[in-house]
>>> print(open('entry.tsv').read())   # TSV, C-alpha atoms
chain	number	residue	atom	x	y	z
E	175	GLY	CA	4.16	18.21	-19.20
E	176	THR	CA	1.64	15.69	-20.53
E	177	ILE	CA	0.11	18.25	-22.87
E	178	LEU	CA	3.55	19.18	-24.17
E	179	LEU	CA	4.36	15.48	-24.75
E	180	ALA	CA	1.11	15.10	-26.68
E	181	LEU	CA	2.01	18.12	-28.77
E	182	THR	CA	5.43	16.66	-29.60
E	183	ALA	CA	3.64	13.56	-30.90
E	184	THR	CA	1.10	15.61	-32.84
E	185	LEU	CA	2.69	18.71	-34.33
E	186	ASP	CA	5.06	18.15	-37.25
E	187	SER	CA	7.13	21.17	-36.23
E	188	LEU	CA	7.98	19.46	-32.90
E	189	ARG	CA	8.90	16.09	-34.43
E	190	PRO	CA	12.01	15.17	-36.39
E	191	LYS	CA	11.53	14.61	-40.09
E	192	PRO	CA	11.26	10.91	-40.94
E	193	CYS	CA	14.19	9.26	-42.66
E	194	GLU	CA	13.75	8.28	-46.27
E	195	VAL	CA	13.28	4.57	-46.92
E	196	GLY	CA	16.57	2.94	-47.83
E	197	SER	CA	18.62	5.97	-46.78
E	198	THR	CA	21.63	5.45	-44.53
E	199	SER	CA	21.59	8.99	-43.19
E	200	CYS	CA	18.79	11.15	-41.83
E	201	SER	CA	18.49	14.90	-41.56
E	202	PRO	CA	19.68	16.20	-38.19
E	203	THR	CA	17.07	17.04	-35.56
E	204	PRO	CA	16.90	20.74	-34.62
E	205	LYS	CA	17.92	21.52	-31.05
E	206	VAL	CA	14.57	23.20	-30.38
E	207	GLN	CA	12.81	19.87	-30.79
E	208	TYR	CA	15.15	18.29	-28.24
E	209	VAL	CA	14.57	21.15	-25.83
E	210	VAL	CA	10.79	20.83	-26.11
E	211	LEU	CA	10.90	17.04	-25.75
E	212	TYR	CA	13.20	17.08	-22.71
E	213	ALA	CA	11.23	19.92	-21.10
E	214	ALA	CA	8.03	17.90	-21.57
E	215	ILE	CA	9.58	14.81	-20.02
E	216	VAL	CA	10.96	16.79	-17.05
E	217	LEU	CA	7.64	18.57	-16.46
E	218	ALA	CA	5.64	15.34	-16.71
E	219	THR	CA	8.03	13.60	-14.31
E	220	LEU	CA	7.96	16.42	-11.76
E	221	GLY	CA	4.18	16.64	-11.98
E	222	SER	CA	3.72	12.92	-11.54
E	223	GLY	CA	6.20	12.58	-8.69
E	224	GLY	CA	4.99	15.68	-6.90
E	225	SER	CA	1.31	14.86	-7.17
E	226	ARG	CA	1.60	11.28	-5.93
E	227	SER	CA	3.35	12.18	-2.70
E	228	THR	CA	1.29	15.31	-2.12
E	229	LEU	CA	-2.08	13.72	-2.84
E	230	SER	CA	-1.50	10.82	-0.48
E	231	THR	CA	-0.61	13.19	2.35
E	232	LEU	CA	-3.51	15.52	1.56
E	233	GLY	CA	-5.91	12.59	1.49
E	234	ALA	CA	-4.66	11.15	4.78
E	235	ASN	CA	-5.06	14.55	6.46
E	236	GLN	CA	-8.79	14.43	5.71
E	237	PHE	CA	-9.29	11.68	8.30
E	238	ASN	CA	-8.77	11.72	12.06
E	239	LYS	CA	-9.00	7.99	12.81
E	240	PRO	CA	-6.10	5.73	11.82
E	241	LYS	CA	-8.58	3.12	10.56
E	242	ASP	CA	-10.11	5.67	8.15
E	243	GLN	CA	-6.64	6.70	7.01
E	244	GLY	CA	-5.81	3.05	6.36
E	245	ILE	CA	-8.95	2.63	4.25
E	246	PHE	CA	-8.05	5.76	2.31
E	247	PHE	CA	-4.52	4.49	1.60
E	248	ASN	CA	-5.87	1.12	0.46
E	249	TRP	CA	-8.15	2.77	-2.08
E	250	PHE	CA	-5.60	5.41	-3.05
E	251	PHE	CA	-2.92	2.87	-3.93
E	252	PHE	CA	-5.47	0.57	-5.56
E	253	PHE	CA	-6.35	3.35	-7.99
E	254	VAL	CA	-2.74	4.49	-8.46
E	255	TYR	CA	-1.57	1.03	-9.43
E	256	GLY	CA	-4.80	0.18	-11.25
E	257	SER	CA	-4.32	3.23	-13.45
E	258	SER	CA	-0.73	2.13	-14.06
E	259	VAL	CA	-2.01	-1.23	-15.33
E	260	VAL	CA	-4.49	0.51	-17.64
E	261	ALA	CA	-1.78	2.89	-18.86
E	262	SER	CA	0.66	0.09	-19.58
E	263	THR	CA	-1.88	-2.08	-21.38
E	264	ALA	CA	-4.85	-0.20	-22.85
E	265	VAL	CA	-3.02	3.02	-23.73
E	266	VAL	CA	-0.11	1.10	-25.23
E	267	TYR	CA	-2.59	-0.96	-27.25
E	268	VAL	CA	-4.18	2.24	-28.58
E	269	GLU	CA	-0.77	3.71	-29.44
E	270	ASP	CA	0.24	0.52	-31.28
E	271	ASN	CA	-3.01	-0.13	-33.14
E	272	VAL	CA	-4.71	3.24	-33.53
E	273	SER	CA	-2.34	6.19	-33.27
E	274	TRP	CA	0.34	7.69	-31.10
E	275	LYS	CA	-1.63	10.92	-31.09
E	276	VAL	CA	-4.76	9.27	-29.72
E	277	GLY	CA	-2.74	7.47	-27.04
E	278	PHE	CA	-1.10	10.67	-25.86
E	279	PHE	CA	-4.37	12.58	-25.83
E	280	ILE	CA	-5.99	9.80	-23.77
E	281	CYS	CA	-3.30	10.57	-21.17
E	282	VAL	CA	-4.00	14.29	-21.45
E	283	GLY	CA	-7.74	13.65	-21.05
E	284	ALA	CA	-7.18	11.48	-17.98
E	285	SER	CA	-4.95	14.16	-16.44
E	286	VAL	CA	-7.47	16.92	-17.11
E	287	LEU	CA	-10.32	14.77	-15.76
E	288	GLY	CA	-8.34	14.05	-12.58
E	289	LEU	CA	-7.57	17.75	-12.14
E	290	VAL	CA	-11.22	18.71	-12.62
E	291	ILE	CA	-12.41	16.12	-10.08
E	292	PHE	CA	-9.73	17.26	-7.62
E	293	LEU	CA	-10.69	20.92	-7.98
E	294	MET	CA	-14.43	20.19	-7.75
E	295	GLY	CA	-13.92	18.65	-4.31
E	296	SER	CA	-11.53	21.33	-3.02
E	297	ARG	CA	-14.23	23.21	-1.12
E	298	PHE	CA	-14.83	20.09	1.00
E	299	TYR	CA	-11.19	19.52	1.93
E	300	THR	CA	-9.88	19.98	5.45
E	301	ASN	CA	-7.02	22.44	5.14
E	302	SER	CA	-4.48	22.68	7.92
E	303	LYS	CA	-2.55	25.89	8.45
E	304	PRO	CA	1.21	25.62	7.91
E	305	GLU	CA	3.24	25.82	11.10
E	306	GLY	CA	6.22	27.75	9.82
E	307	SER	CA	8.33	27.55	6.74
E	308	PRO	CA	10.03	24.32	5.65
E	309	PHE	CA	12.88	26.47	4.36
E	310	THR	CA	13.75	27.48	7.93
E	311	SER	CA	12.86	24.30	9.84
E	312	LEU	CA	14.84	21.92	7.61
E	313	PRO	CA	18.15	23.79	7.99
E	314	ARG	CA	17.53	23.92	11.77
E	315	VAL	CA	17.24	20.14	11.89
E	316	VAL	CA	20.41	19.72	9.83
E	317	VAL	CA	22.37	22.15	12.03
E	318	ALA	CA	21.07	20.54	15.24
E	319	SER	CA	21.96	17.04	14.04
E	320	ILE	CA	25.49	18.16	13.06
E	321	ARG	CA	26.00	19.79	16.48
E	322	LYS	CA	24.72	16.75	18.36
E	323	ARG	CA	26.36	14.05	16.25
E	324	LYS	CA	28.96	13.20	18.93
E	325	GLU	CA	26.59	13.31	21.90
E	326	PRO	CA	26.35	10.01	23.78
E	327	LEU	CA	23.09	8.14	23.36
E	328	PRO	CA	20.93	7.90	26.49
E	329	SER	CA	20.40	4.39	27.78
E	330	ALA	CA	16.78	4.82	28.87
E	331	CYS	CA	14.16	4.33	26.15
E	332	ASP	CA	11.81	6.71	27.97
E	333	ASP	CA	13.90	9.64	26.75
E	334	PHE	CA	12.73	9.13	23.18
E	335	TYR	CA	9.53	10.04	21.40
E	336	HIS	CA	7.70	6.89	20.25
E	337	GLY	CA	4.60	8.44	18.71
E	338	HIS	CA	1.48	10.09	20.04
E	339	SER	CA	-1.02	7.28	19.53
E	340	HIS	CA	-1.73	4.29	21.73
E	341	VAL	CA	-0.67	2.03	18.83
E	342	ALA	CA	2.93	3.20	19.15
E	343	SER	CA	3.03	2.28	22.88
E	344	LYS	CA	2.23	-1.36	22.02
E	345	ALA	CA	5.26	-1.65	19.75
E	346	ILE	CA	8.44	-3.28	20.91
E	347	VAL	CA	10.77	-0.51	21.97
E	348	VAL	CA	14.42	-1.14	21.14
E	349	PRO	CA	17.09	1.13	22.60
E	350	PRO	CA	19.05	3.03	19.95
E	351	SER	CA	22.49	1.87	18.95
E	352	LYS	CA	25.23	3.02	16.62
E	353	THR	CA	24.98	-0.11	14.48
E	354	PHE	CA	22.59	-0.72	11.62
>>> encode(input="entry.tsv", output="structure tokens")
Amino acid sequence: GTILLALTATLDSLRPKPCEVGSTSCSPTPKVQYVVLYAAIVLATLGSGGSRSTLSTLGANQFNKPKDQGIFFNWFFFFVYGSSVVASTAVVYVEDNVSWKVGFFICVGASVLGLVIFLMGSRFYTNSKPEGSPFTSLPRVVVASIRKRKEPLPSACDDFYHGHSHVASKAIVVPPSKTF
């Protein structure tokens, strides 16, 4: 998606023709250019949204101790939001003062660099085997919740799962209710 966005900023065939100075009407933009632009935006959005949630989970699975996971999340979000600050200041400065093309290709370069670093470390990652398909387990949960929606709630808090770690047992346990 990012590469396609950079190409729409670079290639004249993917950009609308500029309007003439002093003209009140411009030539219409071909539909192909809209398709390419919207496809680039959708792909970039899906890639960004998918990678953020997936990378945080993948990173947390590399650690067994909750303290180590906490340290990972601190650094992960520090770099996620730090890169957002750089993107919204330095890259915008480059686009305003140097060139749109250079600004977009800085983003492409950062994406490629991140992918290369990620792939270089892949042999060291702890991979867990999937325990079934999400396409079968999710509908099971939905069906079970629909079937049990009118079941009365148990009054004892011991009937509920409160987590597997000792940290969860120290939390204040509140019995479930039907109110928010």
>>> residues_around(input="entry.tsv", residues="stretch 210-214 of chain E", least_positions_apart="6", cutoff="8 Å", atoms="only C-alpha atoms", output="list of chain:residue names")
E:Gly175, E:Thr176, E:Leu178, E:Leu179, E:Thr182, E:Leu188
>>> closest_residue(input="entry.tsv", among="E:Ser258, E:Asn235, E:Ser197, E:Gln207", to="E:Ser222", atoms="only C-alpha atoms")
E:Ser258
>>> atom_distance(input="entry.tsv", atom1="atom CA of E:Phe298", atom2="atom CA of E:Ser230")
16.3 Å
>>> closest_residue(input="entry.tsv", among="E:Val206, E:Ala261, E:Ile320, E:Cys193", to="E:Ser285", atoms="all atoms listed in the file")
E:Ala261
>>> atom_distance(input="entry.tsv", atom1="atom CA of E:Trp274", atom2="atom CA of E:Asp186")
13.0 Å
>>> residues_around(input="entry.tsv", residues="E:Thr231", least_positions_apart="3", cutoff="12 Å", atoms="all atoms listed in the file", output="PyMOL selection string")
chain E and resi 224-228+234-237+243+246-247+250+300-302
>>> atom_distance(input="entry.tsv", atom1="atom CA of E:Ala218", atom2="atom CA of E:Ile280")
14.7 Å
>>> axis_aligned_box(input="entry.tsv", around="stretch 236-246 of chain E", padding_each_side="3 Å", output="lines of an AutoDock Vina configuration file")
center_x = -8.0
center_y = 8.5
center_z = 7.6
size_x = 10.3
size_y = 17.8
size_z = 16.5
